[in-house]
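Participant: So here's entry00.pdb (PDB, C-alpha atoms, pLDDT in the B column).
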ATOM      1  CA  MET A 815     108.967  92.106  96.324  1.00 73.00           C
ATOM      2  CA  SER A 816     109.830  95.800  96.503  1.00 82.00           C
ATOM      3  CA  VAL A 817     107.879  99.076  96.402  1.00 85.00           C
ATOM      4  CA  THR A 818     108.692 102.582  95.133  1.00 88.00           C
ATOM      5  CA  ILE A 819     106.261 105.509  95.201  1.00 91.00           C
ATOM      6  CA  TRP A 820     106.206 108.797  93.311  1.00 92.00           C
ATOM      7  CA  HIS A 821     104.124 111.945  93.689  1.00 94.00           C
ATOM      8  CA  LEU A 822     103.320 113.779  90.496  1.00 94.00           C
ATOM      9  CA  ASN A 823     100.870 116.205  88.971  1.00 95.00           C
ATOM     10  CA  GLU A 824      97.899 115.168  86.837  1.00 96.00           C
ATOM     11  CA  ASP A 825      99.589 116.209  83.584  1.00 95.00           C
ATOM     12  CA  GLU A 826     102.423 113.748  84.205  1.00 93.00           C
ATOM     13  CA  PHE A 827      99.961 111.063  85.257  1.00 96.00           C
ATOM     14  CA  ASP A 828      97.888 111.585  82.095  1.00 96.00           C
ATOM     15  CA  ARG A 829     100.912 110.614  79.966  1.00 96.00           C
ATOM     16  CA  GLY A 830      99.979 106.993  80.628  1.00 95.00           C
ATOM     17  CA  LEU A 831     101.269 103.711  81.933  1.00 94.00           C
ATOM     18  CA  ASP A 832     104.322 103.489  79.660  1.00 92.00           C
ATOM     19  CA  TYR A 833     105.512 106.929  80.772  1.00 93.00           C
ATOM     20  CA  LEU A 834     105.029 106.038  84.451  1.00 93.00           C
ATOM     21  CA  GLU A 835     106.882 102.744  84.085  1.00 91.00           C
ATOM     22  CA  ASN A 836     109.730 104.452  82.220  1.00 88.00           C
ATOM     23  CA  ARG A 837     110.138 107.031  85.019  1.00 87.00           C
ATOM     24  CA  PHE A 838     110.194 104.274  87.637  1.00 86.00           C
ATOM     25  CA  THR A 839     112.806 102.397  85.608  1.00 84.00           C
ATOM     26  CA  ILE A 840     115.004 105.485  85.323  1.00 81.00           C
ATOM     27  CA  ALA A 841     114.586 106.246  89.035  1.00 80.00           C
ATOM     28  CA  GLN A 842     115.682 102.703  89.941  1.00 75.00           C
ATOM     29  CA  GLY A 843     119.071 103.488  88.422  1.00 69.00           C
ATOM     30  CA  GLU A 844     119.651 106.585  90.551  1.00 66.00           C
ATOM     31  CA  GLU A 845     122.062 106.160  93.453  1.00 57.00           C
ATOM     32  CA  GLU A 846     120.732 109.073  95.488  1.00 56.00           C
ATOM     33  CA  TRP A 847     117.490 111.004  95.219  1.00 54.00           C
ATOM     34  CA  GLY A 848     118.509 114.116  97.099  1.00 53.00           C
ATOM     35  CA  GLU A 849     117.676 117.742  96.512  1.00 52.00           C
ATOM     36  CA  GLY A 850     118.626 119.008  93.110  1.00 52.00           C
ATOM     37  CA  THR A 851     117.828 115.772  91.273  1.00 53.00           C
ATOM     38  CA  ASP A 852     114.804 114.996  89.149  1.00 56.00           C
ATOM     39  CA  PHE A 853     113.934 112.175  91.527  1.00 58.00           C
ATOM     40  CA  ASN A 854     113.254 113.906  94.851  1.00 70.00           C
ATOM     41  CA  SER A 855     109.530 113.194  94.437  1.00 87.00           C
ATOM     42  CA  PHE A 856     110.189 109.438  94.655  1.00 87.00           C
ATOM     43  CA  CYS A 857     110.291 107.381  97.840  1.00 88.00           C
ATOM     44  CA  GLU A 858     111.936 103.962  97.909  1.00 87.00           C
ATOM     45  CA  ILE A 859     110.334 101.675 100.462  1.00 87.00           C
ATOM     46  CA  GLY A 860     112.238  98.706  99.139  1.00 83.00           C
ATOM     47  CA  GLU A 861     112.015  95.151 100.328  1.00 84.00           C
ATOM     48  CA  VAL A 862     110.888  96.070 103.855  1.00 88.00           C
ATOM     49  CA  TRP A 863     107.552  97.291 102.453  1.00 84.00           C
ATOM     50  CA  ASP A 864     105.714  94.284 103.943  1.00 83.00           C
ATOM     51  CA  LEU A 865     107.044  95.107 107.424  1.00 89.00           C
ATOM     52  CA  VAL A 866     106.174  98.772 106.930  1.00 89.00           C
ATOM     53  CA  ASN A 867     102.661  97.710 105.949  1.00 84.00           C
ATOM     54  CA  LEU A 868     102.401  95.466 109.030  1.00 85.00           C
ATOM     55  CA  VAL A 869     103.314  98.381 111.306  1.00 88.00           C
ATOM     56  CA  ILE A 870     100.822 100.675 109.566  1.00 85.00           C
ATOM     57  CA  SER A 871      97.880  98.326 109.166  1.00 78.00           C
ATOM     58  CA  GLY A 872      98.549  95.390 111.475  1.00 73.00           C
ATOM     59  CA  ASP A 873      97.920  92.990 108.573  1.00 66.00           C
ATOM     60  CA  SER A 874      99.833  91.373 105.775  1.00 64.00           C
ATOM     61  CA  ILE A 875      98.529  91.796 102.220  1.00 58.00           C
ATOM     62  CA  PRO A 876      94.731  91.549 102.366  1.00 55.00           C
ATOM     63  CA  THR A 877      92.904  89.131 100.106  1.00 55.00           C
ATOM     64  CA  GLN A 878      91.736  92.113  98.032  1.00 55.00           C
ATOM     65  CA  GLY A 879      95.339  92.567  96.855  1.00 54.00           C
ATOM     66  CA  VAL A 880      98.073  95.157  97.174  1.00 53.00           C
ATOM     67  CA  GLU A 881      95.906  97.927  95.758  1.00 51.00           C
ATOM     68  CA  SER A 882      93.640  97.796  98.850  1.00 55.00           C
ATOM     69  CA  LEU A 883      96.415  98.636 101.329  1.00 59.00           C
ATOM     70  CA  VAL A 884      95.967 101.750 103.467  1.00 57.00           C
ATOM     71  CA  VAL A 885      99.080 103.645 102.356  1.00 64.00           C
ATOM     72  CA  LEU A 886     100.659 101.618  99.590  1.00 65.00           C
ATOM     73  CA  GLY A 887      97.469 100.927  97.646  1.00 71.00           C
ATOM     74  CA  GLY A 888      95.143 102.796  95.311  1.00 82.00           C
ATOM     75  CA  ASP A 889      93.305 102.156  92.073  1.00 87.00           C
ATOM     76  CA  MET A 890      95.044  99.697  89.769  1.00 87.00           C
ATOM     77  CA  ILE A 891      96.502 101.397  86.697  1.00 91.00           C
ATOM     78  CA  GLY A 892      97.976  98.262  85.184  1.00 89.00           C
ATOM     79  CA  GLU A 893     100.298  95.329  85.400  1.00 88.00           C
ATOM     80  CA  VAL A 894     103.821  95.901  84.154  1.00 88.00           C
ATOM     81  CA  ASP A 895     106.988  94.001  83.462  1.00 78.00           C
ATOM     82  CA  GLU A 896     107.372  90.852  85.575  1.00 77.00           C
ATOM     83  CA  PRO A 897     104.597  88.796  87.220  1.00 78.00           C
ATOM     84  CA  GLY A 898     103.374  90.653  90.293  1.00 78.00           C
ATOM     85  CA  GLY A 899     104.554  93.994  88.900  1.00 84.00           C
ATOM     86  CA  LEU A 900     101.867  96.651  89.026  1.00 88.00           C
ATOM     87  CA  ILE A 901     101.211 100.366  89.323  1.00 91.00           C
ATOM     88  CA  THR A 902      98.443 101.921  91.424  1.00 91.00           C
ATOM     89  CA  VAL A 903      97.342 105.528  91.955  1.00 94.00           C
ATOM     90  CA  LEU A 904      95.923 107.516  94.861  1.00 93.00           C
ATOM     91  CA  THR A 905      93.855 110.633  94.121  1.00 93.00           C
ATOM     92  CA  ARG A 906      94.750 114.011  95.605  1.00 94.00           C
ATOM     93  CA  GLN A 907      92.060 113.544  98.275  1.00 92.00           C
ATOM     94  CA  GLU A 908      93.366 110.090  99.159  1.00 90.00           C
ATOM     95  CA  VAL A 909      96.896 111.517  99.394  1.00 93.00           C
ATOM     96  CA  VAL A 910      95.649 114.127 101.881  1.00 92.00           C
ATOM     97  CA  GLU A 911      93.925 111.389 103.904  1.00 89.00           C
ATOM     98  CA  VAL A 912      97.066 109.227 103.945  1.00 89.00           C
ATOM     99  CA  SER A 913      99.157 112.235 104.940  1.00 92.00           C
ATOM    100  CA  HIS A 914      96.867 112.893 107.904  1.00 91.00           C
ATOM    101  CA  PHE A 915      96.869 109.214 108.844  1.00 88.00           C
ATOM    102  CA  LEU A 916     100.666 109.036 108.805  1.00 89.00           C
ATOM    103  CA  ARG A 917     101.066 112.334 110.649  1.00 91.00           C
ATOM    104  CA  GLU A 918      98.949 110.912 113.497  1.00 90.00           C
ATOM    105  CA  LEU A 919     100.854 107.610 113.528  1.00 87.00           C
ATOM    106  CA  GLY A 920     103.195 107.402 116.476  1.00 89.00           C
ATOM    107  CA  ILE A 921     106.083 105.665 114.734  1.00 90.00           C
ATOM    108  CA  ASP A 922     107.988 104.637 117.862  1.00 91.00           C
ATOM    109  CA  SER A 923     104.856 103.276 119.511  1.00 91.00           C
ATOM    110  CA  ALA A 924     103.691 101.500 116.338  1.00 90.00           C
ATOM    111  CA  VAL A 925     107.100  99.880 115.796  1.00 92.00           C
ATOM    112  CA  THR A 926     107.418  98.852 119.445  1.00 90.00           C
ATOM    113  CA  THR A 927     103.986  97.221 119.567  1.00 90.00           C
ATOM    114  CA  CYS A 928     104.276  95.347 116.258  1.00 88.00           C
ATOM    115  CA  GLU A 929     104.815  91.730 117.330  1.00 88.00           C
ATOM    116  CA  GLN A 930     106.186  90.705 113.929  1.00 87.00           C
ATOM    117  CA  LEU A 931     109.183  93.005 114.470  1.00 90.00           C
ATOM    118  CA  SER A 932     110.039  91.774 117.971  1.00 89.00           C
ATOM    119  CA  ASN A 933     112.428  89.001 116.861  1.00 90.00           C
ATOM    120  CA  LEU A 934     114.085  90.890 114.011  1.00 93.00           C
ATOM    121  CA  PRO A 935     117.580  92.412 114.175  1.00 95.00           C
ATOM    122  CA  ASP A 936     117.878  96.064 115.169  1.00 94.00           C
ATOM    123  CA  PHE A 937     119.116  97.105 111.720  1.00 95.00           C
ATOM    124  CA  VAL A 938     115.870  95.828 110.144  1.00 94.00           C
ATOM    125  CA  ILE A 939     113.719  97.566 112.760  1.00 94.00           C
ATOM    126  CA  ASN A 940     115.695 100.781 112.219  1.00 95.00           C
ATOM    127  CA  GLU A 941     115.146 100.544 108.467  1.00 94.00           C
ATOM    128  CA  VAL A 942     111.397 100.067 108.982  1.00 94.00           C
ATOM    129  CA  ARG A 943     111.368 103.100 111.258  1.00 95.00           C
ATOM    130  CA  GLN A 944     113.293 105.128 108.643  1.00 93.00           C
ATOM    131  CA  ARG A 945     110.919 104.110 105.840  1.00 92.00           C
ATOM    132  CA  LEU A 946     107.946 105.178 107.992  1.00 93.00           C
ATOM    133  CA  GLU A 947     109.567 108.573 108.561  1.00 93.00           C
ATOM    134  CA  ASP A 948     110.260 108.795 104.819  1.00 92.00           C
ATOM    135  CA  LEU A 949     106.593 108.045 104.113  1.00 92.00           C
ATOM    136  CA  GLN A 950     105.444 110.745 106.519  1.00 93.00           C
ATOM    137  CA  SER A 951     107.611 113.342 104.765  1.00 93.00           C
ATOM    138  CA  PHE A 952     106.758 112.054 101.307  1.00 93.00           C
ATOM    139  CA  TYR A 953     102.986 112.180 101.806  1.00 93.00           C
ATOM    140  CA  ALA A 954     103.137 115.543 103.573  1.00 95.00           C
ATOM    141  CA  SER A 955     104.981 116.963 100.558  1.00 94.00           C
ATOM    142  CA  ALA A 956     102.614 115.312  98.062  1.00 95.00           C
ATOM    143  CA  ALA A 957      99.538 116.605  99.914  1.00 95.00           C
ATOM    144  CA  GLN A 958     100.976 120.106 100.179  1.00 96.00           C
ATOM    145  CA  GLU A 959     101.680 120.191  96.438  1.00 95.00           C
ATOM    146  CA  GLY A 960      98.250 118.762  95.541  1.00 97.00           C
ATOM    147  CA  HIS A 961      99.792 115.769  93.804  1.00 96.00           C
ATOM    148  CA  LEU A 962      98.647 112.258  93.020  1.00 96.00           C
ATOM    149  CA  VAL A 963     100.719 109.314  94.256  1.00 95.00           C
ATOM    150  CA  VAL A 964     101.585 106.334  92.074  1.00 95.00           C
ATOM    151  CA  THR A 965     103.001 103.167  93.588  1.00 91.00           C
ATOM    152  CA  ARG A 966     105.163 100.715  91.664  1.00 90.00           C
ATOM    153  CA  VAL A 967     105.179  97.200  93.094  1.00 85.00           C
ATOM    154  CA  TYR A 968     108.006  94.979  91.856  1.00 84.00           C
ATOM    155  CA  GLY A 969     106.873  91.360  91.785  1.00 76.00           C
ATOM    156  CA  PRO A 970     107.999  88.393  93.794  1.00 69.00           C
TER
END
Have the structure of the file written as C-alpha cells, please.
Facilitator:
Amino acid sequence: MSVTIWHLNEDEFDRGLDYLENRFTIAQGEEEWGEGTDFNSFCEIGEVWDLVNLVISGDSIPTQGVESLVVLGGDMIGEVDEPGGLITVLTRQEVVEVSHFLRELGIDSAVTTCEQLSNLPDFVINEVRQRLEDLQSFYASAAQEGHLVVTRVYGP
C-alpha cells in the first residue's frame, strides 16, 4: 500500500473523481516534483505511510478505515482502480488543523519514542523522518494557500 497527497483549489477539486485520479496517475510518472514542475503541490509518502501514521497517531489503521486517520484521512470521495484504492479529501479548515498539529509535532521525539520503529534499519527510520518533514511543509503550504487536500491510497 502506498499514499500520495495533493493540495489543490476548489475549482480543480470540483472537476470530479476522474480528473483527480488522472492527475494522480500523471504525477506517479514524474521522476522529480521540484520547483518549476506542475507537480510541486504533490507529496509522495509512499510505502512507509503506515509507519508515518504510527508515529503521528500511535495506532495502525483504525477500524473506521483509512479515511478516519488524523493526517492521511478525510471524507471518502470514491474508490478507484485496484481493490483498496481510494481518494479522500480534507476541507480547508481541516487542512489548517492538520498543519497546526504537524507544526507542533516534535518529529525527533515522536520518531524516537515510537516503539514500532525501534528494531527497523536506520535508512527506514530516516525515510519516515523525511516524510514527516515533507508533510509539515506540504500542509503548511496548503494551509497558507487556502487549499483542500486530496489523498490517494494505492491498495494492497
Participant: For stretch 900-905 of chain A, please output as a list in words all residues within 8 Å (counting all atoms listed in the file; exclusion window: fewer than 6 positions along the same chain).
Facilitator: Glu881, Gly887, Gly888, Asp889, Met890, Ile891, Gly892, Glu893, Val894, His961, Leu962, Val963, Val964, Thr965, Arg966, Val967, Tyr968 and Gly969 of chain A
Participant: List, as a PyMOL selection string, every residue that the PyMOL selection byres ((chain A and resi 834) around 10) selects in the file provided.
Facilitator: chain A and resi 820+822+826-833+835-839+891+901+964-966
Participant: Provide the atom CA of A:Glu918 to atom CA of A:Gln950 distance in Å, to one decimal place.
Facilitator: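 Rounded to one decimal, the two atoms are 9.5 Å apart.
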Participant: What lies within 9 Å of A:Arg945 using all atoms listed in the file, ignoring chain neighbours under 2 positions off, as a PDB file with C-alpha atoms, in the frame of the given file?
Facilitator:
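out_32.pdb, freshly written:
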ATOM      1  CA  CYS A 857     110.291 107.381  97.840  1.00 88.00           C
ATOM      2  CA  GLU A 858     111.936 103.962  97.909  1.00 87.00           C
ATOM      3  CA  ILE A 859     110.334 101.675 100.462  1.00 87.00           C
ATOM      4  CA  GLY A 860     112.238  98.706  99.139  1.00 83.00           C
ATOM      5  CA  VAL A 862     110.888  96.070 103.855  1.00 88.00           C
ATOM      6  CA  TRP A 863     107.552  97.291 102.453  1.00 84.00           C
ATOM      7  CA  VAL A 866     106.174  98.772 106.930  1.00 89.00           C
ATOM      8  CA  ASN A 940     115.695 100.781 112.219  1.00 95.00           C
ATOM      9  CA  GLU A 941     115.146 100.544 108.467  1.00 94.00           C
ATOM     10  CA  VAL A 942     111.397 100.067 108.982  1.00 94.00           C
ATOM     11  CA  ARG A 943     111.368 103.100 111.258  1.00 95.00           C
ATOM     12  CA  GLU A 947     109.567 108.573 108.561  1.00 93.00           C
ATOM     13  CA  ASP A 948     110.260 108.795 104.819  1.00 92.00           C
ATOM     14  CA  LEU A 949     106.593 108.045 104.113  1.00 92.00           C
ATOM     15  CA  GLN A 950     105.444 110.745 106.519  1.00 93.00           C
TER      16      GLN A 950
END
Participant: Could you spell out the hits of the PyMOL selection byres ((chain A and resi 912) around 10) on the shown file, as an MDAnalysis selection string?
Facilitator: chainID A and resid 884:886 904 906:911 913:918 949:950 953:954 957
Participant: Nearest residue to A:Val869 out of A:Val817, A:Ile921, A:Leu934, A:Ala956, using all atoms listed in the file?
Facilitator: A:Ile921
Participant: Find the distance between atom CA of A:Gln842 and atom CA of A:Gln944 and write it in Å to one decimal.
Facilitator: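 Taking atom CA of A:Gln842 and atom CA of A:Gln944, their separation equals 19.0 Å.
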Participant: What is the distance, in Å and to one decimal place, between atom CA of A:Glu861 and atom CA of A:Met815?
Facilitator: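 Computed distance, atom CA of A:Glu861 to atom CA of A:Met815, equals 5.9 Å.
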Participant: Identify which of the residues A:Leu946, A:Asp825, A:Asp936, A:Glu959 lies closest to A:Asp864, counting only C-alpha atoms when measuring atom-to-atom distances.
Facilitator: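 Using only C-alpha atoms, A:Asp864 sits closest to A:Leu946.
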